[in-house]
Amino acid sequence: MSDFKELESISPYGKARSTVKGEPLSKEEIEKYNDFFKASLYLSLGMIYLRQNPLLKEPLKKEHLKARLLGHFGSAPGQIFTYMHFNRLIKKYDLDSIFISGPGHGAPAVLSQAYLEGTYSEVYPENSEDEEGMQKFFKQFSFPGGIGSHATPETPGSLHEGGELGYSISHAFGAVFDHPNLIALTMVGDGEAETGPLATSWHSTKFLNPITDGAVLPVLHLNGYKINNPTVLARIPHKELEYLFLGYGYQPYFVEGDDVESMHQAMAATLEHCVLEIRKFQKQARESGKAFRPLWPCIILRSPKGWTGPRKIDDKFLEGFWRAHQVPITDVHDKPEHLTILEKWMRSYEPERLFADGKIGPELKALCPTGTRRMSANPVANGGTIRKPLRMPDFRDYAIDVKKPAVTMEASMTNMSSFLRDIISHNPTSFRLFGPDETESNKLGRVYQAGKKVWMGEYFDEDEDGGNLAHAGRVMEILSEHTCEGWLEGYILSGRHGLLNSYEPFIHVIDSMVNQHCKWLEKCLEVEWRNKVASLNILLTAVVWRQDHNGFTHQDPGFLDVVANKSPEVVRIYLPPDGNCLLSVTDHCMRSANYVNVIVADKQEHLQYLSMEEAIIHCTKGIGIWPQFSTDRGEEPDLVMASCGDIPTHESLAAIDLLLQHFPELKIRCVNVVDLFKLISHDDHPHGLNDSEWVSIFTDNTPIIFNFHSYPWLVHRLAYKRPGSHNIHVRGYKEKGNIDTPLELAIRNQTDRFSLAIDAIDRIPALHNRGAAARESLRNDQLKARNEAFETGIDPPFLKNWTWPYTGLWKQQNNNNGN
């Protein structure tokens, strides 16, 4: 080891400067690695530029080029350099490893390795290892009908696309949790390192157990530039970088320079040192049975952007500058002299020597691992191949006893936590619960009976008093929605199962992450060799209607709009109205694959409506008429009172009660929606009702008062094509809130029982005039309730504790049944 005083220059140029010293490679090996490096770089440039003449067997002409040049070369050399040197260690130590490419548009690096390792041609035989196959391999890249410039699902060995920057480290840690022999070699772009999610995800080592988990080997790639700017971490002194990573909990090892031969030795020695350190830590923990948190190794690789390219063109910097970030030479169609420079550059990689008829020779192929030890062929990166179904307890065993509808008060979430606890108990190495510091707050604390919160940091005596911390836990909590989501994505993409629970208002923090995962799943459906992975399950609680005490900042149910925008092939939204429905929906989501499932359920005590048998039927249908709260049996309804969500359902039923108190002769049909996508046309979503089914439930000529959990416009958007859609009058959150009581918050947004009943009176033609007195009475009662809330700070108890009455409709139903 050298003293860091030797590492003063932050330039990427010069002979290799490294923390770890050593020359593990022979001269012959260096020559082979240099040839492999050249072959890889040639493939990377070929993907960006060439449509024909793949081996440059004839002089390069404009017609050989793609008409539209797309792709990113800048980070490819450093990534390739790391990947190929790690292959030596995979072979030497029989490592189980995957490669995660963090830099944006990093596909040329990983695609070139998949092609050279032979995996690409195995998966896509038309891209064979010959001249014709190479020509097709080049043409498809960033080309219509081909593949993208990220490590998309079409890329063998990829579980991280990198379309949005910031998630490489969290995905990597998610993949190695409960994979004790796996090493995730993870390239972190220095532009990516500037993102908030990436900066926080370095702390994942505080949750990595060296006994039960694998390891992540991060390589921070300082190539100095983003699209048009320097990167922050590439322009600070070594000491500052060293202290930064020591503070994160890593031991950083530097490898810097551009002299290829000395860089081969430095990178080979450094990677091997890191692998041996990882193995040493794991051996110590596993043999002693005592988990601990070491300073895990990481590498800081400083190399020029666009390494090995021309340093200048027309006296303008290219290599080592931001101009090398994307297409290095952009005007080769218009400037013959630049086409000549490109040809000279590509020929410097000696394609005709290295690719005999389009295939590297056996001495270079021997540098690659074989079979599933190839990082491009590791089954972990196609997690569906190793996914096993969860061992599920019978959710019926956790049923809430509902003897009479809308009378029993229970905490649905607390009850469901027993079911979740036993899922964890039944699946001790393949299921984890993720969340940002809210498991207890979200009433899921019973899960700690099966698995506590993972914590590899320091412990205090008071942690024994309800801290629920453990080295070998099953609950993952860090106050970063980004990191939790990234862990969960990495965990399920590598073959396991999980659930993320979060406060509804702040799930927006990961809107774009969920977008990216949806896109990944949708694209996977088009890739035949991709096996289905477990669904990404998101449980939203602490919902808008019970964030009255936290105020306006905590009130936002709009995540549903975000999810509804995604492909109907991969998203599902469920709003169970009570505890038994929550159990049924949760069981369904846990068993599903290749979806993003969103479950919305409040964590407080609520009325319970359905027995377990009724809940299963209702959730299976996803939507249904509730006859126990309806008075239209066999007759045309005067009104359809619909609801979606636990709290809106409560207010909707209370509104029915109010209407029947004033107009006992009204024919009201009560409808409840669990599966939000039942509202959309079957032509647009597989769960949608056809029009005949829609009319049988909602009619096409009756006023519909629809009380909705989220923003009302979403229901209108989903149902706009429906017969009688002009009859739908949706009440939902209208961005009105404060420190309110629950009922006052509902009144502000017109989702309360009084507003619903008044709206019904206004919409039912027969009540327009004769309903005036009732309307006035309801308005008076609403104002009284609001004033009392302002005066006392709580809702009137007779409203707060409302249950479905034994008189009125109850009495009518009992009489109709002959009781």
# chains A, B, ... in the order shown; residues from 1 in each chain; ligands from 1
>>> residues_around(residues="A:Thr195", least_positions_apart="2", cutoff="12 Å", atoms="only C-alpha atoms", output="ChimeraX atom specification")
/A:102-103,164-169,188-193,197-202,231-233,482
>>> closest_residue(among="A:Glu614, A:Phe207, A:Cys274, A:Glu776", to="A:Glu477", atoms="only C-alpha atoms")
A:Phe207
>>> atom_distance(atom1="atom CA of A:Met375", atom2="atom CA of A:Gly157")
5.9 Å
>>> residues_around(residues="stretch 643-649 of chain A", least_positions_apart="2", cutoff="6 Å", atoms="only C-alpha atoms", output="PyMOL selection string")
chain A and resi 575+577+651-652+672-673+706-709
>>> write_last_selection(atoms="N, CA, C and O atoms", output="CSV table (one decimal), in the first residue's frame")
chain,number,residue,atom,x,y,z
A,575,LEU,N,-58.2,-0.8,-3.9
A,575,LEU,CA,-58.6,0.0,-2.7
A,575,LEU,C,-59.6,-0.8,-1.9
A,575,LEU,O,-60.8,-0.6,-2.0
A,577,PRO,N,-62.1,-2.0,0.8
A,577,PRO,CA,-62.9,-1.1,1.8
A,577,PRO,C,-62.8,-1.5,3.2
A,577,PRO,O,-63.1,-0.7,4.1
A,651,GLU,N,-68.3,7.2,4.4
A,651,GLU,CA,-69.1,8.4,4.2
A,651,GLU,C,-70.2,8.1,3.2
A,651,GLU,O,-71.3,8.7,3.4
A,652,SER,N,-70.0,7.3,2.2
A,652,SER,CA,-71.0,7.0,1.3
A,652,SER,C,-72.2,6.3,1.9
A,652,SER,O,-73.4,6.6,1.7
A,672,ASN,N,-69.7,-0.7,-4.7
A,672,ASN,CA,-68.3,-0.5,-4.2
A,672,ASN,C,-67.3,-1.1,-5.2
A,672,ASN,O,-67.5,-2.1,-5.8
A,673,VAL,N,-66.2,-0.3,-5.3
A,673,VAL,CA,-65.1,-0.7,-6.3
A,673,VAL,C,-63.9,-1.0,-5.5
A,673,VAL,O,-63.4,-0.2,-4.6
A,706,PHE,N,-70.4,9.3,-7.0
A,706,PHE,CA,-69.2,8.4,-6.8
A,706,PHE,C,-68.3,9.1,-5.8
A,706,PHE,O,-67.7,10.1,-6.1
A,707,ASN,N,-68.1,8.5,-4.6
A,707,ASN,CA,-67.2,9.0,-3.6
A,707,ASN,C,-65.8,8.3,-3.8
A,707,ASN,O,-65.8,7.1,-3.6
A,708,PHE,N,-64.8,9.0,-4.1
A,708,PHE,CA,-63.5,8.4,-4.5
A,708,PHE,C,-62.4,8.8,-3.6
A,708,PHE,O,-62.4,10.0,-3.1
A,709,HIS,N,-61.5,7.9,-3.4
A,709,HIS,CA,-60.4,8.2,-2.5
A,709,HIS,C,-59.4,9.3,-2.9
A,709,HIS,O,-58.9,10.1,-2.1
>>> residues_around(residues="stretch 597-608 of chain A", least_positions_apart="6", cutoff="8 Å", atoms="only C-alpha atoms", output="MDAnalysis selection string")
chainID A and resid 402 405:414 442:443 535:543 546 571:579 582 585:586 589 645:647 650 803
>>> residues_around(residues="A:Arg396", least_positions_apart="3", cutoff="10 Å", atoms="only C-alpha atoms", output="list in words")
Pro393, Ala399, Ile400, Phe419, Asn580, Leu583, Ser584, Asp587, Met612, Glu613 and Ile616 of chain A
>>> residues_around(residues="A:His716", least_positions_apart="4", cutoff="8 Å", atoms="only C-alpha atoms", output="PyMOL selection string")
chain A and resi 712+720+728+730
>>> atom_distance(atom1="atom CA of A:Asp96", atom2="atom CA of A:Gly371")
11.3 Å
>>> residues_around(residues="stretch 122-136 of chain A", least_positions_apart="6", cutoff="10 Å", atoms="only C-alpha atoms", output="ChimeraX atom specification")
/A:43,46-47,50-55,114-116,146,154-156,355-360,377,528-529
>>> select_by_dssp(residues="stretch 473-701 of chain A", states="alpha helix (DSSP H)", output="short mmCIF file (atom, residue, chain, number, x, y, z; two decimals) with N, CA, C and O atoms, in the first residue's frame")
data_model
loop_
_atom_site.label_atom_id
_atom_site.label_comp_id
_atom_site.auth_asym_id
_atom_site.auth_seq_id
_atom_site.Cartn_x
_atom_site.Cartn_y
_atom_site.Cartn_z
N GLU A 481 -37.08 7.02 0.70
CA GLU A 481 -37.95 6.22 -0.17
C GLU A 481 -37.18 5.72 -1.39
O GLU A 481 -37.43 4.59 -1.86
N HIS A 482 -36.26 6.53 -1.90
CA HIS A 482 -35.48 6.10 -3.06
C HIS A 482 -34.71 4.82 -2.76
O HIS A 482 -34.70 3.88 -3.57
N THR A 483 -34.03 4.80 -1.62
CA THR A 483 -33.21 3.63 -1.30
C THR A 483 -34.08 2.40 -1.04
O THR A 483 -33.76 1.30 -1.50
N CYS A 484 -35.17 2.58 -0.32
CA CYS A 484 -36.08 1.45 -0.06
C CYS A 484 -36.61 0.88 -1.37
O CYS A 484 -36.63 -0.34 -1.57
N GLU A 485 -37.04 1.75 -2.25
CA GLU A 485 -37.57 1.29 -3.54
C GLU A 485 -36.48 0.61 -4.36
O GLU A 485 -36.71 -0.43 -4.99
N GLY A 486 -35.27 1.19 -4.35
CA GLY A 486 -34.17 0.58 -5.10
C GLY A 486 -33.81 -0.79 -4.55
O GLY A 486 -33.58 -1.74 -5.31
N TRP A 487 -33.75 -0.91 -3.22
CA TRP A 487 -33.50 -2.23 -2.61
C TRP A 487 -34.56 -3.23 -3.04
O TRP A 487 -34.24 -4.37 -3.42
N LEU A 488 -35.83 -2.83 -2.96
CA LEU A 488 -36.92 -3.74 -3.30
C LEU A 488 -36.83 -4.15 -4.77
O LEU A 488 -36.99 -5.33 -5.10
N GLU A 489 -36.56 -3.20 -5.64
CA GLU A 489 -36.45 -3.54 -7.06
C GLU A 489 -35.31 -4.54 -7.28
O GLU A 489 -35.48 -5.54 -7.99
N GLY A 490 -34.14 -4.26 -6.70
CA GLY A 490 -33.03 -5.19 -6.85
C GLY A 490 -33.34 -6.56 -6.28
O GLY A 490 -32.94 -7.60 -6.83
N TYR A 491 -34.09 -6.58 -5.18
CA TYR A 491 -34.42 -7.83 -4.50
C TYR A 491 -35.36 -8.69 -5.35
O TYR A 491 -35.15 -9.90 -5.50
N ILE A 492 -36.38 -8.07 -5.94
CA ILE A 492 -37.32 -8.88 -6.73
C ILE A 492 -36.77 -9.19 -8.13
O ILE A 492 -37.03 -10.26 -8.67
N LEU A 493 -35.98 -8.28 -8.69
CA LEU A 493 -35.40 -8.55 -10.00
C LEU A 493 -34.39 -9.69 -9.95
O LEU A 493 -34.08 -10.30 -10.97
N ASP A 511 -41.99 8.47 -7.65
CA ASP A 511 -42.81 8.39 -8.87
C ASP A 511 -42.00 7.88 -10.06
O ASP A 511 -42.39 6.94 -10.76
N SER A 512 -40.88 8.54 -10.33
CA SER A 512 -40.13 8.22 -11.54
C SER A 512 -39.45 6.86 -11.43
O SER A 512 -39.24 6.19 -12.45
N MET A 513 -39.10 6.43 -10.22
CA MET A 513 -38.53 5.09 -10.07
C MET A 513 -39.57 4.02 -10.44
O MET A 513 -39.26 3.04 -11.14
N VAL A 514 -40.79 4.22 -9.97
CA VAL A 514 -41.85 3.27 -10.32
C VAL A 514 -42.13 3.32 -11.81
O VAL A 514 -42.36 2.28 -12.45
N ASN A 515 -42.09 4.52 -12.39
CA ASN A 515 -42.22 4.63 -13.84
C ASN A 515 -41.20 3.75 -14.55
O ASN A 515 -41.51 3.00 -15.48
N GLN A 516 -39.94 3.85 -14.12
CA GLN A 516 -38.88 3.09 -14.77
C GLN A 516 -39.09 1.59 -14.61
O GLN A 516 -38.86 0.81 -15.54
N HIS A 517 -39.54 1.17 -13.42
CA HIS A 517 -39.76 -0.26 -13.20
C HIS A 517 -40.91 -0.75 -14.07
O HIS A 517 -40.85 -1.86 -14.62
N CYS A 518 -41.95 0.05 -14.22
CA CYS A 518 -43.06 -0.33 -15.09
C CYS A 518 -42.59 -0.50 -16.53
O CYS A 518 -42.98 -1.45 -17.22
N LYS A 519 -41.74 0.41 -16.97
CA LYS A 519 -41.22 0.31 -18.33
C LYS A 519 -40.35 -0.95 -18.49
O LYS A 519 -40.39 -1.62 -19.53
N TRP A 520 -39.56 -1.25 -17.47
CA TRP A 520 -38.75 -2.47 -17.50
C TRP A 520 -39.65 -3.69 -17.64
O TRP A 520 -39.41 -4.56 -18.49
N LEU A 521 -40.71 -3.79 -16.82
CA LEU A 521 -41.60 -4.94 -16.87
C LEU A 521 -42.29 -5.06 -18.22
O LEU A 521 -42.41 -6.16 -18.78
N GLU A 522 -42.75 -3.93 -18.73
CA GLU A 522 -43.45 -3.97 -20.01
C GLU A 522 -42.52 -4.47 -21.12
O GLU A 522 -42.90 -5.28 -21.96
N LYS A 523 -41.29 -3.97 -21.12
CA LYS A 523 -40.34 -4.41 -22.14
C LYS A 523 -39.98 -5.88 -21.96
O LYS A 523 -39.78 -6.60 -22.95
N CYS A 524 -39.92 -6.34 -20.70
CA CYS A 524 -39.62 -7.75 -20.45
C CYS A 524 -40.66 -8.67 -21.08
O CYS A 524 -40.34 -9.81 -21.46
N PHE A 559 -50.64 9.63 -6.27
CA PHE A 559 -49.81 8.56 -6.82
C PHE A 559 -50.62 7.64 -7.73
O PHE A 559 -50.08 7.06 -8.67
N LEU A 560 -51.91 7.54 -7.45
CA LEU A 560 -52.76 6.68 -8.28
C LEU A 560 -52.80 7.19 -9.72
O LEU A 560 -52.86 6.39 -10.66
N ASP A 561 -52.81 8.50 -9.90
CA ASP A 561 -52.78 9.06 -11.26
C ASP A 561 -51.51 8.65 -11.98
O ASP A 561 -51.53 8.32 -13.17
N VAL A 562 -50.38 8.67 -11.26
CA VAL A 562 -49.10 8.30 -11.85
C VAL A 562 -49.13 6.85 -12.33
O VAL A 562 -48.75 6.53 -13.46
N VAL A 563 -49.61 5.97 -11.47
CA VAL A 563 -49.64 4.54 -11.81
C VAL A 563 -50.63 4.27 -12.94
O VAL A 563 -50.38 3.45 -13.83
N ALA A 564 -51.77 4.98 -12.92
CA ALA A 564 -52.78 4.76 -13.95
C ALA A 564 -52.28 5.13 -15.34
O ALA A 564 -52.83 4.67 -16.35
N GLY A 579 -61.12 -4.79 6.29
CA GLY A 579 -60.01 -5.66 6.66
C GLY A 579 -59.98 -6.99 5.94
O GLY A 579 -58.90 -7.47 5.56
N ASN A 580 -61.12 -7.62 5.75
CA ASN A 580 -61.13 -8.90 5.05
C ASN A 580 -60.81 -8.73 3.57
O ASN A 580 -60.14 -9.57 2.97
N CYS A 581 -61.27 -7.62 2.99
CA CYS A 581 -60.88 -7.33 1.61
C CYS A 581 -59.38 -7.06 1.52
O CYS A 581 -58.72 -7.46 0.55
N LEU A 582 -58.83 -6.38 2.52
CA LEU A 582 -57.38 -6.11 2.54
C LEU A 582 -56.60 -7.41 2.57
O LEU A 582 -55.59 -7.56 1.87
N LEU A 583 -57.04 -8.38 3.35
CA LEU A 583 -56.37 -9.69 3.40
C LEU A 583 -56.43 -10.37 2.04
O LEU A 583 -55.43 -10.90 1.55
N SER A 584 -57.60 -10.38 1.43
CA SER A 584 -57.76 -11.04 0.14
C SER A 584 -56.90 -10.40 -0.94
O SER A 584 -56.23 -11.09 -1.72
N VAL A 585 -56.89 -9.07 -0.98
CA VAL A 585 -56.11 -8.35 -1.97
C VAL A 585 -54.61 -8.57 -1.75
O VAL A 585 -53.85 -8.79 -2.71
N THR A 586 -54.18 -8.52 -0.49
CA THR A 586 -52.76 -8.72 -0.20
C THR A 586 -52.31 -10.11 -0.62
O THR A 586 -51.23 -10.27 -1.22
N ASP A 587 -53.10 -11.11 -0.32
CA ASP A 587 -52.76 -12.47 -0.74
C ASP A 587 -52.62 -12.55 -2.25
O ASP A 587 -51.66 -13.13 -2.78
N HIS A 588 -53.55 -11.95 -2.97
CA HIS A 588 -53.51 -11.97 -4.44
C HIS A 588 -52.24 -11.31 -4.97
O HIS A 588 -51.56 -11.84 -5.85
N CYS A 589 -51.91 -10.15 -4.40
CA CYS A 589 -50.74 -9.41 -4.89
C CYS A 589 -49.45 -10.16 -4.61
O CYS A 589 -48.53 -10.17 -5.44
N MET A 590 -49.35 -10.78 -3.43
CA MET A 590 -48.14 -11.52 -3.07
C MET A 590 -47.90 -12.72 -3.98
O MET A 590 -46.77 -13.15 -4.19
N ARG A 591 -48.95 -13.27 -4.52
CA ARG A 591 -48.83 -14.44 -5.39
C ARG A 591 -48.60 -14.07 -6.85
O ARG A 591 -48.28 -14.94 -7.67
N MET A 612 -65.49 -12.87 5.53
CA MET A 612 -64.40 -13.31 4.68
C MET A 612 -64.91 -13.90 3.37
O MET A 612 -64.38 -13.62 2.29
N GLU A 613 -65.95 -14.71 3.44
CA GLU A 613 -66.49 -15.31 2.22
C GLU A 613 -66.99 -14.23 1.27
O GLU A 613 -66.74 -14.26 0.06
N GLU A 614 -67.69 -13.24 1.82
CA GLU A 614 -68.18 -12.14 0.99
C GLU A 614 -67.02 -11.31 0.44
O GLU A 614 -67.07 -10.87 -0.72
N ALA A 615 -65.99 -11.11 1.24
CA ALA A 615 -64.84 -10.33 0.79
C ALA A 615 -64.13 -11.00 -0.38
O ALA A 615 -63.71 -10.34 -1.34
N ILE A 616 -63.96 -12.31 -0.29
CA ILE A 616 -63.29 -13.04 -1.38
C ILE A 616 -64.07 -12.88 -2.68
O ILE A 616 -63.50 -12.62 -3.75
N ILE A 617 -65.38 -13.02 -2.60
CA ILE A 617 -66.21 -12.87 -3.80
C ILE A 617 -66.11 -11.45 -4.35
O ILE A 617 -65.92 -11.23 -5.55
N HIS A 618 -66.20 -10.48 -3.43
CA HIS A 618 -66.17 -9.08 -3.85
C HIS A 618 -64.83 -8.73 -4.49
O HIS A 618 -64.78 -8.07 -5.55
N CYS A 619 -63.74 -9.17 -3.89
CA CYS A 619 -62.40 -8.86 -4.43
C CYS A 619 -62.14 -9.61 -5.73
O CYS A 619 -61.42 -9.10 -6.61
N THR A 620 -62.68 -10.81 -5.85
CA THR A 620 -62.52 -11.56 -7.09
C THR A 620 -63.20 -10.83 -8.24
O THR A 620 -62.65 -10.74 -9.35
N LYS A 621 -64.38 -10.29 -7.99
CA LYS A 621 -65.07 -9.51 -9.02
C LYS A 621 -64.42 -8.14 -9.21
O LYS A 621 -64.44 -7.60 -10.31
N ASP A 646 -61.59 2.94 1.62
CA ASP A 646 -62.22 2.61 2.90
C ASP A 646 -62.95 3.79 3.52
O ASP A 646 -64.10 3.67 3.95
N ILE A 647 -62.33 4.96 3.57
CA ILE A 647 -62.97 6.11 4.20
C ILE A 647 -64.09 6.68 3.32
O ILE A 647 -65.18 6.98 3.83
N PRO A 648 -63.91 6.81 2.00
CA PRO A 648 -65.04 7.23 1.16
C PRO A 648 -66.23 6.28 1.25
O PRO A 648 -67.37 6.73 1.17
N THR A 649 -65.97 4.98 1.44
CA THR A 649 -67.08 4.03 1.57
C THR A 649 -67.87 4.31 2.83
O THR A 649 -69.11 4.28 2.83
N HIS A 650 -67.16 4.57 3.92
CA HIS A 650 -67.83 4.91 5.18
C HIS A 650 -68.76 6.11 4.99
O HIS A 650 -69.94 6.07 5.39
N GLU A 651 -68.26 7.18 4.40
CA GLU A 651 -69.08 8.39 4.22
C GLU A 651 -70.23 8.14 3.24
O GLU A 651 -71.32 8.69 3.40
N SER A 652 -69.96 7.33 2.23
CA SER A 652 -71.01 7.02 1.26
C SER A 652 -72.17 6.27 1.91
O SER A 652 -73.35 6.58 1.67
N LEU A 653 -71.88 5.32 2.77
CA LEU A 653 -72.92 4.57 3.46
C LEU A 653 -73.67 5.47 4.44
O LEU A 653 -74.90 5.38 4.59
N ALA A 654 -72.94 6.35 5.12
CA ALA A 654 -73.59 7.28 6.03
C ALA A 654 -74.53 8.21 5.26
O ALA A 654 -75.59 8.59 5.77
N ALA A 655 -74.13 8.58 4.03
CA ALA A 655 -75.00 9.41 3.20
C ALA A 655 -76.27 8.67 2.81
O ALA A 655 -77.37 9.26 2.79
N ILE A 656 -76.15 7.39 2.50
CA ILE A 656 -77.35 6.58 2.21
C ILE A 656 -78.29 6.59 3.41
O ILE A 656 -79.51 6.76 3.27
N ASP A 657 -77.74 6.42 4.58
CA ASP A 657 -78.54 6.44 5.80
C ASP A 657 -79.27 7.78 5.95
O ASP A 657 -80.47 7.83 6.27
N LEU A 658 -78.56 8.88 5.72
CA LEU A 658 -79.19 10.19 5.83
C LEU A 658 -80.33 10.35 4.83
O LEU A 658 -81.42 10.86 5.16
N LEU A 659 -80.09 9.91 3.58
CA LEU A 659 -81.13 10.03 2.56
C LEU A 659 -82.37 9.21 2.93
O LEU A 659 -83.51 9.67 2.76
N LEU A 660 -82.14 8.02 3.45
CA LEU A 660 -83.29 7.17 3.79
C LEU A 660 -84.03 7.67 5.03
O LEU A 660 -85.22 7.38 5.21
N GLN A 661 -83.33 8.39 5.89
CA GLN A 661 -84.04 9.00 7.02
C GLN A 661 -85.04 10.05 6.52
O GLN A 661 -86.13 10.19 7.08
N HIS A 662 -84.68 10.76 5.47
CA HIS A 662 -85.56 11.80 4.94
C HIS A 662 -86.51 11.27 3.87
O HIS A 662 -87.64 11.75 3.75
N ASP A 691 -69.21 -2.99 -21.64
CA ASP A 691 -70.30 -2.03 -21.46
C ASP A 691 -71.56 -2.66 -20.90
O ASP A 691 -72.29 -2.03 -20.13
N SER A 692 -71.82 -3.90 -21.27
CA SER A 692 -73.01 -4.58 -20.73
C SER A 692 -72.87 -4.76 -19.22
O SER A 692 -73.83 -4.55 -18.46
N GLU A 693 -71.68 -5.15 -18.77
CA GLU A 693 -71.44 -5.31 -17.34
C GLU A 693 -71.55 -3.95 -16.63
O GLU A 693 -72.09 -3.86 -15.52
N TRP A 694 -71.02 -2.94 -17.28
CA TRP A 694 -71.09 -1.60 -16.69
C TRP A 694 -72.54 -1.17 -16.46
O TRP A 694 -72.90 -0.72 -15.37
N VAL A 695 -73.36 -1.33 -17.49
CA VAL A 695 -74.75 -0.89 -17.40
C VAL A 695 -75.51 -1.70 -16.35
O VAL A 695 -76.36 -1.16 -15.63
N SER A 696 -75.17 -2.99 -16.22
CA SER A 696 -75.86 -3.82 -15.24
C SER A 696 -75.57 -3.37 -13.81
O SER A 696 -76.36 -3.62 -12.90
N ILE A 697 -74.45 -2.70 -13.61
CA ILE A 697 -74.09 -2.21 -12.27
C ILE A 697 -74.49 -0.75 -12.08
O ILE A 697 -75.15 -0.39 -11.11
N PHE A 698 -74.12 0.11 -13.05
CA PHE A 698 -74.29 1.54 -12.86
C PHE A 698 -75.52 2.11 -13.57
O PHE A 698 -75.88 3.26 -13.31
#
>>> closest_residue(among="A:Gly495, A:Gly104, A:Pro797, A:Pro703", to="A:His179", atoms="only C-alpha atoms")
A:Gly495
>>> closest_residue(among="A:Leu500, A:Met641, A:Ala268, A:Ala766", to="A:Glu29", atoms="only C-alpha atoms")
A:Ala268
>>> closest_residue(among="A:Val570, A:Leu95, A:Ala774, A:Ile227", to="A:His685", atoms="only C-alpha atoms")
A:Val570
>>> select_by_dssp(residues="stretch 285-388 of chain A", states="strand (DSSP E)", output="number ranges by chain")
A: 296-302, 312-313, 316-317, 355-356, 359-360
>>> write_last_selection(atoms="N, CA, C and O atoms", output="short mmCIF file (atom, residue, chain, number, x, y, z; two decimals), in the first residue's frame")
data_model
loop_
_atom_site.label_atom_id
_atom_site.label_comp_id
_atom_site.auth_asym_id
_atom_site.auth_seq_id
_atom_site.Cartn_x
_atom_site.Cartn_y
_atom_site.Cartn_z
N TRP A 296 -16.02 -1.87 3.99
CA TRP A 296 -16.05 -2.63 2.74
C TRP A 296 -15.21 -1.91 1.69
O TRP A 296 -15.15 -0.68 1.65
N PRO A 297 -14.56 -2.66 0.79
CA PRO A 297 -13.73 -2.01 -0.22
C PRO A 297 -14.56 -1.35 -1.31
O PRO A 297 -15.65 -1.81 -1.65
N CYS A 298 -14.04 -0.27 -1.83
CA CYS A 298 -14.57 0.32 -3.06
C CYS A 298 -13.39 0.86 -3.86
O CYS A 298 -12.32 1.11 -3.31
N ILE A 299 -13.60 0.99 -5.14
CA ILE A 299 -12.54 1.43 -6.05
C ILE A 299 -12.93 2.78 -6.64
O ILE A 299 -14.09 2.99 -7.03
N ILE A 300 -11.99 3.68 -6.70
CA ILE A 300 -12.18 4.94 -7.40
C ILE A 300 -11.29 4.90 -8.63
O ILE A 300 -10.06 4.96 -8.54
N LEU A 301 -11.92 4.72 -9.78
CA LEU A 301 -11.21 4.59 -11.05
C LEU A 301 -11.28 5.92 -11.78
O LEU A 301 -12.35 6.40 -12.12
N ARG A 302 -10.11 6.50 -12.00
CA ARG A 302 -10.03 7.76 -12.74
C ARG A 302 -9.36 7.48 -14.08
O ARG A 302 -8.17 7.14 -14.15
N LYS A 312 -7.53 15.31 -29.55
CA LYS A 312 -8.08 16.53 -30.14
C LYS A 312 -8.50 16.26 -31.58
O LYS A 312 -7.90 15.45 -32.29
N ILE A 313 -9.54 16.98 -32.01
CA ILE A 313 -9.94 17.02 -33.42
C ILE A 313 -10.17 18.48 -33.77
O ILE A 313 -10.95 19.17 -33.08
N LYS A 316 -9.80 20.93 -31.05
CA LYS A 316 -10.78 20.91 -29.97
C LYS A 316 -10.65 19.59 -29.22
O LYS A 316 -10.54 18.53 -29.84
N PHE A 317 -10.68 19.67 -27.91
CA PHE A 317 -10.49 18.47 -27.09
C PHE A 317 -11.63 17.47 -27.28
O PHE A 317 -12.81 17.85 -27.32
N PHE A 355 -10.65 -10.08 -35.01
CA PHE A 355 -11.89 -10.79 -35.34
C PHE A 355 -11.68 -11.57 -36.63
O PHE A 355 -11.85 -11.05 -37.73
N ALA A 356 -11.29 -12.81 -36.48
CA ALA A 356 -11.17 -13.66 -37.65
C ALA A 356 -12.58 -14.06 -38.08
O ALA A 356 -13.25 -14.83 -37.39
N LYS A 359 -15.12 -13.28 -35.26
CA LYS A 359 -15.07 -13.94 -33.95
C LYS A 359 -13.67 -13.85 -33.38
O LYS A 359 -12.68 -14.05 -34.09
N ILE A 360 -13.60 -13.52 -32.08
CA ILE A 360 -12.29 -13.46 -31.45
C ILE A 360 -11.70 -14.86 -31.36
O ILE A 360 -12.42 -15.86 -31.31
#
>>> closest_residue(among="A:His238, A:Phe177, A:Leu244, A:Gln251", to="A:Arg474", atoms="only C-alpha atoms")
A:Phe177
